[in-house]
$ cat entry_18.csv   # CSV, C-alpha atoms and all ligand atoms
chain,number,residue,atom,x,y,z
A,1,MET,CA,32.1,-129.2,-65.4
A,2,GLN,CA,31.7,-125.6,-66.4
A,3,ASP,CA,29.6,-126.6,-69.4
A,4,GLY,CA,27.0,-128.1,-67.0
A,5,ARG,CA,27.9,-131.7,-67.6
A,6,THR,CA,28.7,-134.0,-64.7
A,7,THR,CA,32.1,-135.8,-64.6
A,8,LEU,CA,32.6,-139.2,-62.9
A,9,THR,CA,34.8,-137.4,-60.2
A,10,GLN,CA,32.1,-134.9,-59.5
A,11,PHE,CA,29.4,-137.6,-59.4
A,12,ILE,CA,31.4,-139.7,-56.9
A,13,ILE,CA,32.4,-136.7,-54.7
A,14,GLU,CA,28.7,-135.7,-54.5
A,15,GLU,CA,27.7,-139.3,-53.7
A,16,GLN,CA,30.4,-139.6,-51.0
A,17,ARG,CA,29.3,-136.3,-49.3
A,18,HIS,CA,26.3,-138.3,-47.9
A,19,VAL,CA,28.5,-141.2,-46.5
A,20,ALA,CA,29.3,-140.7,-42.9
A,21,GLY,CA,33.0,-140.9,-42.1
A,22,ALA,CA,34.1,-140.9,-45.8
A,23,THR,CA,37.8,-140.1,-46.0
A,24,GLY,CA,38.2,-139.6,-49.8
A,25,ASP,CA,39.9,-143.0,-50.1
A,26,PHE,CA,37.1,-144.4,-52.1
A,27,THR,CA,36.9,-141.4,-54.5
A,28,GLY,CA,40.7,-141.7,-55.0
A,29,LEU,CA,40.5,-145.4,-55.7
A,30,LEU,CA,37.7,-145.0,-58.2
A,31,ASN,CA,39.6,-142.2,-59.9
A,32,ASP,CA,42.6,-144.5,-60.3
A,33,VAL,CA,40.4,-147.3,-61.7
A,34,ALA,CA,38.9,-144.9,-64.2
A,35,THR,CA,42.4,-143.7,-65.2
A,36,ALA,CA,43.4,-147.3,-65.8
A,37,CYS,CA,40.3,-147.8,-68.0
A,38,LYS,CA,41.2,-144.7,-70.1
A,39,VAL,CA,44.7,-146.1,-70.6
A,40,ILE,CA,43.4,-149.6,-71.6
A,41,SER,CA,40.8,-148.0,-73.9
A,42,ASN,CA,43.6,-146.1,-75.6
A,43,ALA,CA,45.6,-149.3,-76.2
A,44,VAL,CA,42.6,-151.3,-77.4
A,45,SER,CA,41.6,-148.5,-79.9
A,46,LYS,CA,45.1,-148.2,-81.3
A,47,GLY,CA,45.3,-152.0,-81.7
A,48,ALA,CA,47.6,-153.0,-84.6
A,49,LEU,CA,49.1,-149.5,-84.9
A,50,ILE,CA,51.0,-150.1,-81.7
A,51,GLY,CA,51.4,-153.9,-82.1
A,52,VAL,CA,49.2,-155.0,-79.2
A,53,LEU,CA,46.9,-157.5,-81.0
A,54,GLY,CA,47.4,-161.2,-80.9
A,55,SER,CA,48.5,-163.9,-78.5
A,56,ALA,CA,51.2,-163.5,-75.9
A,57,GLY,CA,52.1,-167.2,-76.3
A,58,GLU,CA,51.4,-167.9,-72.6
A,59,GLU,CA,48.6,-169.4,-70.6
A,60,ASN,CA,47.0,-168.0,-67.5
A,61,VAL,CA,46.0,-169.9,-64.3
A,62,GLN,CA,42.8,-170.9,-65.9
A,63,GLY,CA,44.7,-172.7,-68.8
A,64,GLU,CA,43.5,-170.0,-71.2
A,65,VAL,CA,45.8,-168.5,-73.8
A,66,GLN,CA,46.7,-165.0,-72.8
A,67,LYS,CA,46.4,-162.2,-75.4
A,68,LYS,CA,49.0,-159.4,-75.3
A,69,LEU,CA,46.2,-157.0,-74.3
A,70,ASP,CA,45.2,-159.3,-71.4
A,71,ILE,CA,48.7,-158.8,-70.0
A,72,ILE,CA,48.9,-155.1,-70.8
A,73,SER,CA,45.5,-154.4,-69.2
A,74,ASN,CA,46.5,-156.4,-66.1
A,75,ASP,CA,49.7,-154.4,-65.8
A,76,VAL,CA,47.9,-151.1,-66.2
A,77,MET,CA,45.3,-151.9,-63.5
A,78,ILE,CA,48.1,-152.9,-61.1
A,79,LYS,CA,50.3,-149.8,-61.8
A,80,SER,CA,47.4,-147.4,-61.6
A,81,ASN,CA,46.1,-148.8,-58.3
A,82,GLU,CA,49.0,-149.9,-56.2
A,83,TRP,CA,50.7,-146.6,-55.3
A,84,ALA,CA,48.1,-144.4,-53.6
A,85,GLY,CA,47.5,-146.2,-50.4
A,86,HIS,CA,43.8,-147.0,-50.9
A,87,LEU,CA,44.2,-150.8,-51.2
A,88,ALA,CA,45.3,-153.7,-49.0
A,89,GLY,CA,45.5,-156.0,-52.0
A,90,MET,CA,44.4,-156.9,-55.5
A,91,ALA,CA,43.4,-160.0,-57.3
A,92,SER,CA,43.0,-160.6,-61.1
A,93,GLU,CA,41.9,-163.2,-63.6
A,94,GLU,CA,45.4,-163.0,-65.0
A,95,MET,CA,47.3,-163.7,-61.7
A,96,GLU,CA,47.3,-167.0,-59.9
A,97,ASP,CA,47.7,-165.6,-56.5
A,98,ILE,CA,46.6,-162.4,-54.8
A,99,TYR,CA,48.7,-159.3,-55.3
A,100,PRO,CA,49.9,-157.7,-52.1
A,101,ILE,CA,50.7,-154.0,-52.0
A,102,ALA,CA,54.4,-154.5,-52.0
A,103,GLY,CA,57.4,-152.4,-51.0
A,104,THR,CA,57.1,-149.3,-48.9
A,105,ASN,CA,53.6,-148.4,-50.1
A,106,VAL,CA,51.0,-147.7,-47.5
A,107,ARG,CA,48.3,-150.4,-47.2
A,108,GLY,CA,44.7,-149.1,-47.3
A,109,LYS,CA,41.3,-150.3,-46.5
A,110,TYR,CA,39.9,-151.7,-49.8
A,111,LEU,CA,40.4,-154.8,-51.9
A,112,LEU,CA,40.2,-154.6,-55.7
A,113,VAL,CA,39.4,-157.6,-57.8
A,114,PHE,CA,39.3,-157.5,-61.6
A,115,ASP,CA,39.0,-159.1,-65.0
A,116,PRO,CA,41.4,-156.7,-66.8
A,117,LEU,CA,40.0,-157.6,-70.2
A,118,ASP,CA,36.7,-159.5,-70.6
A,119,GLY,CA,35.8,-161.1,-73.9
A,120,SER,CA,39.4,-161.0,-75.0
A,121,SER,CA,38.9,-163.7,-77.6
A,122,ASN,CA,37.2,-160.8,-79.5
A,123,ILE,CA,40.2,-158.5,-79.5
A,124,ASP,CA,41.7,-159.5,-82.8
A,125,VAL,CA,38.3,-159.3,-84.6
A,126,ASN,CA,37.6,-155.7,-83.4
A,127,ILE,CA,34.5,-156.5,-81.3
A,128,THR,CA,33.7,-154.8,-78.0
A,129,VAL,CA,35.7,-155.9,-74.9
A,130,GLY,CA,35.8,-154.5,-71.4
A,131,THR,CA,37.3,-154.3,-67.9
A,132,ILE,CA,35.3,-155.6,-64.9
A,133,PHE,CA,36.0,-154.7,-61.3
A,134,SER,CA,34.7,-155.2,-57.8
A,135,ILE,CA,35.7,-153.3,-54.7
A,136,LEU,CA,35.4,-154.9,-51.2
A,137,ARG,CA,36.3,-153.7,-47.8
A,138,SER,CA,39.4,-155.3,-46.3
A,139,PRO,CA,38.6,-157.1,-43.1
A,140,ASN,CA,42.2,-156.1,-42.0
A,141,PRO,CA,42.7,-152.6,-43.2
A,142,GLY,CA,46.2,-151.2,-43.1
A,143,VAL,CA,48.0,-154.6,-43.5
A,144,ASP,CA,48.6,-156.8,-46.6
A,145,ALA,CA,45.6,-158.7,-47.5
A,146,THR,CA,45.4,-162.5,-47.3
A,147,LEU,CA,43.5,-164.8,-49.7
A,148,GLU,CA,40.8,-165.3,-47.1
A,149,ASP,CA,40.1,-161.6,-47.1
A,150,PHE,CA,38.9,-161.8,-50.7
A,151,LEU,CA,36.5,-164.7,-50.1
A,152,GLN,CA,33.5,-162.5,-49.4
A,153,PRO,CA,30.1,-163.0,-50.9
A,154,GLY,CA,29.1,-160.5,-53.6
A,155,SER,CA,26.5,-158.9,-51.2
A,156,GLN,CA,29.6,-157.3,-49.4
A,157,GLN,CA,30.7,-155.4,-52.5
A,158,VAL,CA,31.1,-151.6,-51.9
A,159,CYS,CA,31.2,-150.9,-55.6
A,160,ALA,CA,31.2,-152.7,-58.9
A,161,GLY,CA,31.7,-151.6,-62.4
A,162,PHE,CA,32.8,-152.3,-65.9
A,163,ALA,CA,34.4,-150.3,-68.7
A,164,LEU,CA,33.3,-151.1,-72.2
A,165,TYR,CA,35.7,-150.5,-75.1
A,166,GLY,CA,33.4,-150.3,-78.1
A,167,PRO,CA,32.3,-147.6,-80.6
A,168,SER,CA,32.3,-145.4,-77.4
A,169,THR,CA,34.2,-146.1,-74.2
A,170,LEU,CA,31.8,-146.3,-71.3
A,171,LEU,CA,32.1,-146.8,-67.6
A,172,ILE,CA,29.1,-148.3,-65.7
A,173,ILE,CA,29.2,-148.2,-61.9
A,174,THR,CA,27.1,-148.9,-58.9
A,175,THR,CA,27.9,-148.2,-55.2
A,176,GLY,CA,24.5,-149.7,-54.2
A,177,HIS,CA,22.4,-146.7,-55.1
A,178,GLY,CA,21.4,-147.6,-58.6
A,179,VAL,CA,23.5,-147.8,-61.7
A,180,ASN,CA,25.0,-144.9,-63.7
A,181,GLY,CA,26.7,-144.9,-67.0
A,182,PHE,CA,29.5,-142.5,-68.1
A,183,THR,CA,30.8,-141.9,-71.6
A,184,LEU,CA,34.5,-141.0,-72.2
A,185,ASP,CA,34.8,-137.6,-73.9
A,186,ARG,CA,38.2,-138.2,-75.5
A,187,GLU,CA,38.9,-134.5,-76.2
A,188,VAL,CA,38.4,-133.5,-72.6
A,189,GLY,CA,39.7,-136.8,-71.2
A,190,GLU,CA,36.8,-137.2,-68.7
A,191,PHE,CA,34.0,-139.7,-68.2
A,192,ILE,CA,30.8,-137.8,-68.5
A,193,LEU,CA,27.5,-138.9,-66.9
A,194,THR,CA,25.3,-139.8,-69.9
A,195,HIS,CA,23.2,-142.7,-68.7
A,196,PRO,CA,21.8,-141.8,-65.2
A,197,ASP,CA,19.8,-144.4,-63.2
A,198,MET,CA,19.8,-147.2,-65.7
A,199,ARG,CA,16.9,-149.6,-65.4
A,200,ILE,CA,16.4,-153.1,-67.0
A,201,PRO,CA,13.0,-153.8,-68.4
A,202,GLU,CA,11.4,-156.6,-66.5
A,203,ASP,CA,10.3,-158.5,-69.6
A,204,THR,CA,12.2,-159.3,-72.7
A,205,GLN,CA,12.1,-161.3,-76.0
A,206,GLU,CA,15.8,-161.6,-76.3
A,207,PHE,CA,18.2,-164.2,-74.9
A,208,ALA,CA,22.0,-164.9,-75.2
A,209,ILE,CA,23.6,-168.3,-74.8
A,210,ASN,CA,26.4,-170.2,-76.6
A,211,ALA,CA,24.1,-172.6,-78.5
A,212,SER,CA,26.9,-174.8,-79.6
A,213,ASN,CA,26.9,-176.2,-76.0
A,214,GLU,CA,23.3,-177.3,-76.3
A,215,ARG,CA,24.0,-181.0,-76.0
A,216,PHE,CA,25.7,-180.4,-72.6
A,217,TRP,CA,22.9,-178.3,-71.0
A,218,GLU,CA,20.9,-179.4,-68.1
A,219,TRP,CA,17.2,-179.8,-68.5
A,220,PRO,CA,15.9,-176.5,-67.0
A,221,VAL,CA,18.1,-174.4,-69.5
A,222,LYS,CA,17.1,-176.7,-72.4
A,223,ARG,CA,13.5,-176.3,-71.5
A,224,TYR,CA,13.7,-172.5,-71.3
A,225,VAL,CA,15.6,-172.2,-74.6
A,226,ASP,CA,13.3,-174.7,-76.4
A,227,GLU,CA,10.3,-172.7,-75.3
A,228,CYS,CA,11.9,-169.4,-76.6
A,229,MET,CA,12.8,-171.1,-79.9
A,230,ALA,CA,9.2,-172.4,-80.3
A,231,GLY,CA,8.2,-168.7,-80.5
A,232,LYS,CA,4.5,-167.8,-81.2
A,233,ILE,CA,3.4,-171.4,-81.6
A,234,GLY,CA,5.0,-172.6,-78.3
A,235,PRO,CA,4.0,-172.2,-74.7
A,236,ARG,CA,5.4,-168.7,-74.5
A,237,GLY,CA,3.1,-167.5,-77.3
A,238,LYS,CA,5.7,-164.9,-78.6
A,239,ASP,CA,8.8,-164.9,-80.8
A,240,PHE,CA,12.2,-164.5,-79.2
A,241,ASN,CA,15.5,-163.2,-80.7
A,242,MET,CA,18.9,-164.6,-79.9
A,243,ARG,CA,22.3,-162.9,-79.5
A,244,TRP,CA,25.8,-164.2,-78.6
A,245,ILE,CA,28.7,-161.7,-78.7
A,246,ALA,CA,31.0,-164.0,-76.6
A,247,SER,CA,31.9,-160.8,-74.6
A,248,MET,CA,30.0,-160.8,-71.4
A,249,VAL,CA,30.5,-157.1,-70.7
A,250,ALA,CA,29.0,-156.2,-74.1
A,251,GLU,CA,26.0,-158.5,-73.4
A,252,ALA,CA,25.6,-157.0,-69.9
A,253,TYR,CA,25.5,-153.6,-71.4
A,254,ARG,CA,22.9,-154.6,-74.0
A,255,ILE,CA,20.8,-156.1,-71.3
A,256,LEU,CA,21.1,-152.9,-69.1
A,257,THR,CA,20.0,-150.9,-72.1
A,258,ARG,CA,17.1,-152.8,-73.5
A,259,GLY,CA,16.6,-155.9,-71.4
A,260,GLY,CA,17.4,-159.6,-72.2
A,261,VAL,CA,18.8,-162.7,-70.5
A,262,PHE,CA,22.4,-163.9,-70.5
A,263,MET,CA,23.1,-167.6,-69.7
A,264,TYR,CA,26.4,-169.4,-69.2
A,265,PRO,CA,24.8,-172.2,-67.2
A,266,LYS,CA,26.3,-175.3,-65.6
A,267,ASP,CA,26.8,-178.0,-68.2
A,268,THR,CA,28.3,-181.4,-68.6
A,269,LYS,CA,31.0,-180.4,-71.1
A,270,ASP,CA,33.7,-180.6,-68.5
A,271,PRO,CA,32.3,-182.1,-65.3
A,272,SER,CA,35.2,-180.7,-63.3
A,273,LYS,CA,34.0,-177.2,-63.9
A,274,PRO,CA,30.7,-175.9,-62.3
A,275,GLY,CA,30.5,-173.1,-64.9
A,276,ARG,CA,32.5,-171.1,-67.4
A,277,LEU,CA,32.6,-167.7,-65.8
A,278,ARG,CA,34.3,-166.7,-62.6
A,279,LEU,CA,32.6,-165.7,-59.4
A,280,LEU,CA,34.8,-162.9,-57.9
A,281,TYR,CA,35.6,-160.8,-60.9
A,282,GLU,CA,32.8,-161.6,-63.4
A,283,ALA,CA,29.6,-162.9,-61.8
A,284,ASN,CA,29.6,-160.9,-58.6
A,285,PRO,CA,30.3,-157.4,-60.1
A,286,VAL,CA,27.9,-158.0,-62.9
A,287,GLY,CA,25.4,-159.4,-60.5
A,288,PHE,CA,25.6,-156.3,-58.2
A,289,ILE,CA,25.1,-154.0,-61.2
A,290,ILE,CA,22.2,-156.0,-62.7
A,291,GLU,CA,20.4,-156.1,-59.3
A,292,GLN,CA,20.9,-152.4,-58.8
A,293,ALA,CA,19.3,-151.8,-62.2
A,294,GLY,CA,16.2,-153.9,-61.2
A,295,GLY,CA,17.3,-157.2,-62.8
A,296,LYS,CA,18.2,-160.5,-61.3
A,297,CYS,CA,21.4,-162.6,-61.2
A,298,THR,CA,21.5,-166.3,-60.2
A,299,THR,CA,23.3,-169.6,-60.5
A,300,GLY,CA,19.9,-171.1,-61.3
A,301,LEU,CA,19.5,-172.3,-57.8
A,302,GLN,CA,20.9,-169.4,-55.7
A,303,ARG,CA,21.1,-165.7,-55.8
A,304,MET,CA,24.6,-165.0,-57.1
A,305,LEU,CA,25.4,-162.3,-54.4
A,306,ASP,CA,24.7,-164.9,-51.7
A,307,VAL,CA,27.3,-167.5,-52.9
A,308,GLN,CA,30.1,-167.9,-50.4
A,309,PRO,CA,33.4,-168.0,-52.4
A,310,THR,CA,35.8,-170.8,-51.6
A,311,SER,CA,38.6,-170.0,-54.0
A,312,LEU,CA,40.0,-167.0,-55.9
A,313,HIS,CA,39.3,-168.3,-59.4
A,314,GLN,CA,36.1,-170.2,-58.6
A,315,ARG,CA,33.7,-170.7,-61.5
A,316,VAL,CA,29.9,-170.5,-61.3
A,317,PRO,CA,26.9,-171.0,-63.5
A,318,LEU,CA,25.7,-167.5,-64.4
A,319,ILE,CA,22.3,-166.4,-65.5
A,320,PHE,CA,21.2,-162.7,-65.4
A,321,GLY,CA,19.0,-160.1,-66.9
A,322,SER,CA,15.3,-159.1,-67.0
A,323,LYS,CA,13.6,-160.0,-63.7
A,324,ASN,CA,10.6,-162.0,-64.9
A,325,GLU,CA,12.7,-164.1,-67.3
A,326,VAL,CA,15.4,-164.9,-64.8
A,327,GLU,CA,12.7,-165.8,-62.2
A,328,ARG,CA,11.2,-168.2,-64.8
A,329,ILE,CA,14.6,-169.9,-65.3
A,330,GLU,CA,15.0,-170.2,-61.5
A,331,ARG,CA,11.6,-171.7,-61.3
A,332,TYR,CA,12.5,-174.3,-63.9
A,333,HIS,CA,15.6,-175.2,-61.9
A,334,THR,CA,13.7,-175.5,-58.6
A,335,GLU,CA,10.9,-177.5,-60.2
A,336,LEU,CA,13.5,-180.0,-61.4
A,337,ARG,CA,15.1,-180.2,-58.0
A,338,SER,CA,11.8,-180.7,-56.1
A,339,ALA,CA,10.8,-183.4,-58.7
A,340,ALA,CA,14.1,-185.3,-58.1
B,401,LIG,O1,33.8,-168.7,-76.0
B,401,LIG,P1,32.5,-168.9,-75.3
B,401,LIG,O2,32.3,-170.3,-74.7
B,401,LIG,O3,31.4,-168.4,-76.1
B,401,LIG,O4,32.6,-168.0,-74.0
B,401,LIG,C1,32.5,-166.6,-74.0
B,401,LIG,C2,32.6,-166.0,-72.7
B,401,LIG,O5,33.9,-166.1,-72.2
B,401,LIG,C3,34.4,-164.8,-71.8
B,401,LIG,O6,35.1,-164.2,-72.9
B,401,LIG,C4,35.3,-165.0,-70.6
B,401,LIG,O7,36.0,-163.9,-70.2
B,401,LIG,P2,37.6,-163.7,-70.5
B,401,LIG,O8,37.7,-163.2,-71.9
B,401,LIG,O9,37.9,-162.6,-69.5
B,401,LIG,O10,38.3,-165.0,-70.2
B,401,LIG,C5,33.1,-164.0,-71.6
B,401,LIG,O11,33.2,-162.6,-71.8
B,401,LIG,C6,32.2,-164.6,-72.6
B,401,LIG,O12,30.8,-164.5,-72.3
B,402,MG,MG,36.1,-162.4,-68.5
B,403,MG,MG,39.6,-161.6,-69.1
$ encode --input "entry_18.csv" --output "structure tokens" --more "lines below"
Ligand SMILES: O=P(O)(O)OC[C@H]1O[C@](O)(COP(=O)(O)O)[C@@H](O)[C@@H]1O
Ligand SMILES: [Mg+2]
Ligand SMILES: [Mg+2]
Amino acid sequence: MQDGRTTLTQFIIEEQRHVAGATGDFTGLLNDVATACKVISNAVSKGALIGVLGSAGEENVQGEVQKKLDIISNDVMIKSNEWAGHLAGMASEEMEDIYPIAGTNVRGKYLLVFDPLDGSSNIDVNITVGTIFSILRSPNPGVDATLEDFLQPGSQQVCAGFALYGPSTLLIITTGHGVNGFTLDREVGEFILTHPDMRIPEDTQEFAINASNERFWEWPVKRYVDECMAGKIGPRGKDFNMRWIASMVAEAYRILTRGGVFMYPKDTKDPSKPGRLRLLYEANPVGFIIEQAGGKCTTGLQRMLDVQPTSLHQRVPLIFGSKNEVERIERYHTELRSAA
């Protein structure tokens, strides 16, 4: 910008200059995603003034009650991204099946997968929520995507990001060259680079978990949390602090900013579910960002980005954050497995 600040568009164009064979498609796609996030941010911040709070009275494919803003955000993501010819298909938490690029629109070379509004149980209580997205290459560019095209491990992501609708609206992205954060300047209408090259501290004294599930946890997680709770007089020899916002994007941002660990592990609450959070549009994009910022993301037993997806809405155990703590939790999992 003329005032010396760097906009998201400038940043991406500059990054893409070094990519051999870049056509401008990716820059266009990311611009459309950013535009959608601005529109969603506007709706979230107006809230009750425009009647968008509360439940829509329907359930999504996961059997969860949809909020009005879940549906609005989903529509905004689709409308912003379907027209320009960058995509071969989309998939979303709020849609049972993949969304082909319909009608006469040109099919492009990318796939877009998203959670249009994460943490949406927090909307009505005015706590930070966000939009998570993941961009993959279509194995069949130029034609409508199939379900199989989306079932790529997270290591194949071209880009991942999330927008955060809190006191400020932020956009955090990675294209595999570190993590950069942008803040929406509402007067100018642009995302401005404010958090270049974000790095997660390797150690932490803060963890986040829904402690009401304690009785369902497996032993490695119970051991880890017990040791944190024992503080200075326990085996860790230091006190820990606990947080639970119930909005993963907000927790991911806190961890990017000052370190920490987030856990939604496998538990025995509902044995039919291997975890609470979803692989393709929650765990993978967050995992890519966390790794690019020097942290780690795992199921407990496997690097998240190596998990081979088998279905669109697949759930996984999710543990991410400061490297040394996540490695410790992984160690507790493998120790248990080798003792079995
Ligand atoms: O209600 P719980 O069990 O604490 O779960 C909270 C988790 O569920 C989520 O809200 C799930 O995401 P959605 O709101 O997109 O369904 C996460 O953001 C959050 O970490
Ligand atoms: Mg979510
Ligand atoms: Mg959601």
$ atom_distance --input "entry_18.csv" --atom1 "CA of Gly234 in chain A" --atom2 "CA of Asn324 in chain A"
18.0 Å
$ closest_residue --input "entry_18.csv" --among "A:Met229, A:Ala20, A:Ala246, A:Ala56" --to "ligand MG 402 (chain B)" --atoms "all atoms listed in the file"
A:Ala246
$ residues_near_point --input "entry_18.csv" --point "(17.7, -149.1, -58.1)" --cutoff "12 Å" --atoms "all atoms listed in the file" --output "PyMOL selection string"
chain A and resi 174-180+196-200+288-296
$ atom_distance --input "entry_18.csv" --atom1 "CA of Met95 in chain A" --atom2 "CA of Val61 in chain A"
6.8 Å
$ closest_residue --input "entry_18.csv" --among "A:Ile50, A:Ala88, A:Leu312, A:Ile173" --to "Phe11 in chain A" --atoms "only C-alpha atoms"
A:Ile173
$ closest_residue --input "entry_18.csv" --among "A:Leu69, A:Cys297, A:Ile132, A:Met248" --to "Glu325 in chain A" --atoms "all atoms listed in the file"
A:Cys297
$ residues_near_ligand --input "entry_18.csv" --ligand "ligand LIG 401 (chain B)" --cutoff "6 Å" --atoms "only C-alpha atoms and all ligand atoms" --output "ChimeraX atom specification"
/A:115,117-121,210,246-248
$ closest_residue --input "entry_18.csv" --among "A:Asp25, A:Glu214, A:Glu251, A:Asp203" --to "ligand MG 402 (chain B)" --atoms "all atoms listed in the file"
A:Glu251
$ closest_residue --input "entry_18.csv" --among "A:Thr169, A:Ser155, A:Thr299, A:Ser338" --to "Asn42 in chain A" --atoms "all atoms listed in the file"
A:Thr169
